[in-house]
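Participant: Got a structure here, written out as structure tokens. Questions coming.
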Amino acid sequence: MTFLEVKNLSVKFPDFKALEGISFSAEEGKITAIIGPNGAGKTVLFRALLGVLPYEGEIIWHKKPTLGYVPQRLEFDRTFPLTVKELLLLKTKGANFWLPKESALKEVVNSLNHTRAGHLLDKRVGKLSGGELQRVLIAYAIFGQSDFLLFDEPLSGIDIEGEMTIYGLIKHLAKELNLTVLFISHDLNIVSEYADSVICLNKKLFCSGVPEKILTPEQLKALYGAPITFYLHKHEEPVKHHHS
């Protein structure tokens, strides 16, 4: 089932067009990667989907989404004495932060267990390593029964082993919780391994389809303006070409 349909989406700023005539869909329970060079409008697309940027065109949700968002980076005061438990409780609507209900605490623990971060419950957020913080932010994103997750290049600065583990976790969560996931990434090996489909973006939509049809030297050269090659393996499905 199609969860999200985007039709002819454009985002304009006073001095330039960030996105022009983008159309694509995201299937329920699937992982879609968005690739493209810096300045291609990937984060702008996310901000339009989250409703924080005005746009032209249509964003059609085929069922009401509960959106979770993992930002590219989290700016916060690392000396602030906030625990992981308290961070997640901040997201609980109408909950008593100081004396939380048992049900709210149970939900916090449940979200952290899903991302294998239950042991971090009482740890200060400022003391977390990059990988630990990533798991906590994913737990925060799914807290409250989110069913559509947006990850904006969520792995800047995490070692490759940690990166593979986080993406494996995202794939596991998508299956286990029937989450629909859109993620932005520059790592084409990770895209080829973990995405069900790929959207190529550089202000306009260049192409969309399954990784092994999209991540070819020709397509990547057209998208990035320079030759890019890497090893690729995955299942077969058709590709859609988009001509402006």
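By convention here, the chains of the structure tokens are called A, B, ... in the order presented, each chain's residues are numbered starting at 1, and ligands are numbered starting at 1 in the order presented.
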Taking the DSSP secondary structure from the backbone, can you list the residues of stretch 26-59 of chain A that are alpha helix (DSSP H), as an MDAnalysis selection string?
Facilitator: chainID A and resid 42:49
Participant: Convert the current residue selection to file output with N, CA and C atoms, as an mmCIF file, in the first residue's frame.
Facilitator:
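What follows is the written file selection-v9.cif:
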data_model
loop_
_atom_site.group_PDB
_atom_site.id
_atom_site.type_symbol
_atom_site.label_atom_id
_atom_site.label_comp_id
_atom_site.auth_asym_id
_atom_site.auth_seq_id
_atom_site.Cartn_x
_atom_site.Cartn_y
_atom_site.Cartn_z
ATOM 1 N N LYS A 42 17.615 17.822 -0.373
ATOM 2 C CA LYS A 42 17.154 16.626 0.357
ATOM 3 C C LYS A 42 16.543 17.008 1.709
ATOM 4 N N THR A 43 17.253 17.838 2.473
ATOM 5 C CA THR A 43 16.731 18.263 3.779
ATOM 6 C C THR A 43 15.520 19.182 3.595
ATOM 7 N N VAL A 44 15.525 19.974 2.542
ATOM 8 C CA VAL A 44 14.368 20.840 2.233
ATOM 9 C C VAL A 44 13.124 19.981 2.010
ATOM 10 N N LEU A 45 13.288 18.867 1.294
ATOM 11 C CA LEU A 45 12.176 17.939 1.075
ATOM 12 C C LEU A 45 11.625 17.436 2.408
ATOM 13 N N PHE A 46 12.522 17.032 3.311
ATOM 14 C CA PHE A 46 12.090 16.565 4.635
ATOM 15 C C PHE A 46 11.314 17.651 5.373
ATOM 16 N N ARG A 47 11.810 18.864 5.297
ATOM 17 C CA ARG A 47 11.168 19.963 6.026
ATOM 18 C C ARG A 47 9.776 20.267 5.457
ATOM 19 N N ALA A 48 9.623 20.084 4.150
ATOM 20 C CA ALA A 48 8.294 20.241 3.538
ATOM 21 C C ALA A 48 7.360 19.127 4.019
ATOM 22 N N LEU A 49 7.882 17.883 4.067
ATOM 23 C CA LEU A 49 7.067 16.754 4.528
ATOM 24 C C LEU A 49 6.655 16.919 5.994
#
Participant: Could you jot down the atom CA of A:Leu182 to atom CA of A:Arg124 separation for me, Å, one decimal place?
Facilitator: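 Those two atoms sit 28.9 Å apart.
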Participant: For each of A:Asn178, A:Asn202, A:Thr216, A:Ser111, take the minimum atom-to-atom distance to A:Gly41, counting only C-alpha atoms, then give the residue where this is smallest.
Facilitator: A:Asn202
Participant: For stretch 186-197 of chain A, work out the shell of residues within 7 Å, counting only C-alpha atoms and skipping chain neighbours fewer than 4 positions away, then give it as a list in words.
Facilitator: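 Within the cut-off, the hits are Lys30, Ile31, Thr32, Ala33, Ile35, Tyr167, Lys171, Gly209, Val210, Pro211 and Leu232 of chain A.
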Participant: Identify, on the basis of only C-alpha atoms, every residue whose closest approach to A:Phe151 does not exceed 8 Å; exclude the query and any residue fewer than 3 positions from it along the same chain; express the result as a CSV table (one decimal) with N, CA and C atoms, in the first residue's frame.
Facilitator:
chain,number,residue,atom,x,y,z
A,69,TYR,N,11.2,11.9,13.6
A,69,TYR,CA,12.3,12.5,12.9
A,69,TYR,C,13.6,12.4,13.6
A,70,VAL,N,14.6,12.0,12.9
A,70,VAL,CA,16.0,11.9,13.5
A,70,VAL,C,16.8,13.0,12.7
A,71,PRO,N,17.2,14.1,13.4
A,71,PRO,CA,17.9,15.1,12.6
A,71,PRO,C,19.3,14.8,12.3
A,72,GLN,N,19.9,15.5,11.4
A,72,GLN,CA,21.3,15.3,11.0
A,72,GLN,C,22.3,15.5,12.2
A,154,PRO,N,21.5,10.3,9.3
A,154,PRO,CA,21.6,10.3,10.7
A,154,PRO,C,23.0,9.8,11.2
A,181,VAL,N,10.0,4.1,6.2
A,181,VAL,CA,11.2,4.9,6.5
A,181,VAL,C,11.7,5.7,5.2
A,182,LEU,N,12.0,6.9,5.4
A,182,LEU,CA,12.7,7.7,4.4
A,182,LEU,C,14.0,8.1,5.0
A,183,PHE,N,15.1,7.8,4.3
A,183,PHE,CA,16.4,8.3,4.9
A,183,PHE,C,17.3,8.9,3.8
A,184,ILE,N,18.0,9.9,4.2
A,184,ILE,CA,19.0,10.6,3.4
A,184,ILE,C,20.3,10.1,3.7
Participant: Please provide the set of residues having any atom within 10 Å of A:Phe80, restricted to only C-alpha atoms, with same-chain residues fewer than 4 positions apart removed, written as an NGL selection string.
Facilitator: :A and (76 or 124-126)
Participant: Considering only C-alpha atoms, return as a short mmCIF file (atom, residue, chain, number, x, y, z; two decimals) with N, CA and C atoms, in the first residue's frame whatever protein or nucleic-acid residues lie within 12 Å of A:His114, sequence-local ones (same chain, fewer than 3 positions apart) excluded.
Facilitator:
data_model
loop_
_atom_site.label_atom_id
_atom_site.label_comp_id
_atom_site.auth_asym_id
_atom_site.auth_seq_id
_atom_site.Cartn_x
_atom_site.Cartn_y
_atom_site.Cartn_z
N GLU A 107 6.44 2.81 28.36
CA GLU A 107 6.59 3.14 26.94
C GLU A 107 8.01 3.63 26.63
N VAL A 108 8.58 4.40 27.56
CA VAL A 108 9.97 4.86 27.41
C VAL A 108 10.91 3.66 27.33
N VAL A 109 10.77 2.75 28.26
CA VAL A 109 11.63 1.55 28.31
C VAL A 109 11.43 0.72 27.04
N ASN A 110 10.18 0.59 26.61
CA ASN A 110 9.86 -0.19 25.42
C ASN A 110 10.56 0.38 24.18
N SER A 111 10.48 1.71 24.00
CA SER A 111 11.13 2.37 22.86
C SER A 111 12.64 2.17 22.89
N ALA A 117 18.80 0.08 23.51
CA ALA A 117 19.40 1.16 24.31
C ALA A 117 18.79 1.20 25.71
N GLY A 118 18.15 0.09 26.13
CA GLY A 118 17.49 0.06 27.45
C GLY A 118 18.45 0.32 28.60
N HIS A 119 19.71 -0.10 28.42
CA HIS A 119 20.71 0.07 29.49
C HIS A 119 21.11 1.53 29.68
N ARG A 135 21.16 5.77 18.87
CA ARG A 135 20.12 4.80 19.29
C ARG A 135 19.03 5.48 20.11
N VAL A 136 19.45 6.41 20.97
CA VAL A 136 18.50 7.14 21.80
C VAL A 136 17.61 8.03 20.94
N LEU A 137 18.21 8.69 19.92
CA LEU A 137 17.42 9.56 19.04
C LEU A 137 16.41 8.75 18.22
N ILE A 138 16.80 7.53 17.82
CA ILE A 138 15.86 6.67 17.10
C ILE A 138 14.73 6.24 18.04
N ALA A 139 15.10 5.91 19.28
CA ALA A 139 14.07 5.56 20.28
C ALA A 139 13.12 6.75 20.49
N TYR A 140 13.69 7.95 20.54
CA TYR A 140 12.88 9.17 20.70
C TYR A 140 11.94 9.33 19.50
N ALA A 141 12.47 9.04 18.29
CA ALA A 141 11.67 9.19 17.07
C ALA A 141 10.49 8.21 17.03
N ILE A 142 10.71 6.97 17.50
CA ILE A 142 9.61 5.98 17.44
C ILE A 142 8.71 6.05 18.67
N PHE A 143 9.15 6.78 19.71
CA PHE A 143 8.35 6.90 20.94
C PHE A 143 7.01 7.56 20.63
N GLN A 145 4.46 5.63 19.23
CA GLN A 145 3.92 4.84 18.10
C GLN A 145 4.05 5.52 16.75
N ILE A 166 23.56 0.52 12.99
CA ILE A 166 22.40 1.41 13.07
C ILE A 166 21.44 1.15 11.90
N LEU A 169 19.63 -1.95 12.39
CA LEU A 169 18.58 -1.69 13.38
C LEU A 169 17.36 -1.03 12.73
N ILE A 170 17.61 -0.06 11.86
CA ILE A 170 16.51 0.62 11.17
C ILE A 170 15.71 -0.38 10.34
N LYS A 171 16.43 -1.27 9.65
CA LYS A 171 15.76 -2.28 8.82
C LYS A 171 14.94 -3.23 9.70
N HIS A 172 15.51 -3.61 10.82
CA HIS A 172 14.83 -4.49 11.76
C HIS A 172 13.56 -3.81 12.29
N LEU A 173 13.67 -2.53 12.65
CA LEU A 173 12.51 -1.79 13.17
C LEU A 173 11.41 -1.66 12.12
N ALA A 174 11.82 -1.41 10.87
CA ALA A 174 10.84 -1.27 9.79
C ALA A 174 10.00 -2.54 9.68
N LYS A 175 10.68 -3.69 9.78
CA LYS A 175 9.97 -4.98 9.70
C LYS A 175 9.12 -5.22 10.96
N GLU A 176 9.76 -5.07 12.11
CA GLU A 176 9.12 -5.43 13.38
C GLU A 176 7.91 -4.55 13.69
N LEU A 177 8.04 -3.24 13.43
CA LEU A 177 6.99 -2.29 13.81
C LEU A 177 6.18 -1.82 12.61
#
Participant: Could you pull out the residues in stretch 48-81 of chain A that DSSP calls strand (DSSP E) from the backbone, as an MDAnalysis selection string?
Facilitator: chainID A and resid 56:61 67:70
Participant: Measure the distance from atom CA of A:Ser103 to atom CA of A:Lys63 in Å and round it to one decimal.
Facilitator: 26.4 Å
Participant: Between atom CA of A:Pro54 and atom CA of A:Ala40, what distance in Å does the model show, to one decimal?
Facilitator: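 About the pair atom CA of A:Pro54 and atom CA of A:Ala40: they are 17.4 Å apart.
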Participant: Select, from A:Thr2, A:Ser23, A:Gln219, A:Asn38, the residue with the minimum atom-to-atom distance to A:Leu205, counting only C-alpha atoms.
Facilitator: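 Under the stated criterion, the closest residue is A:Ser23.
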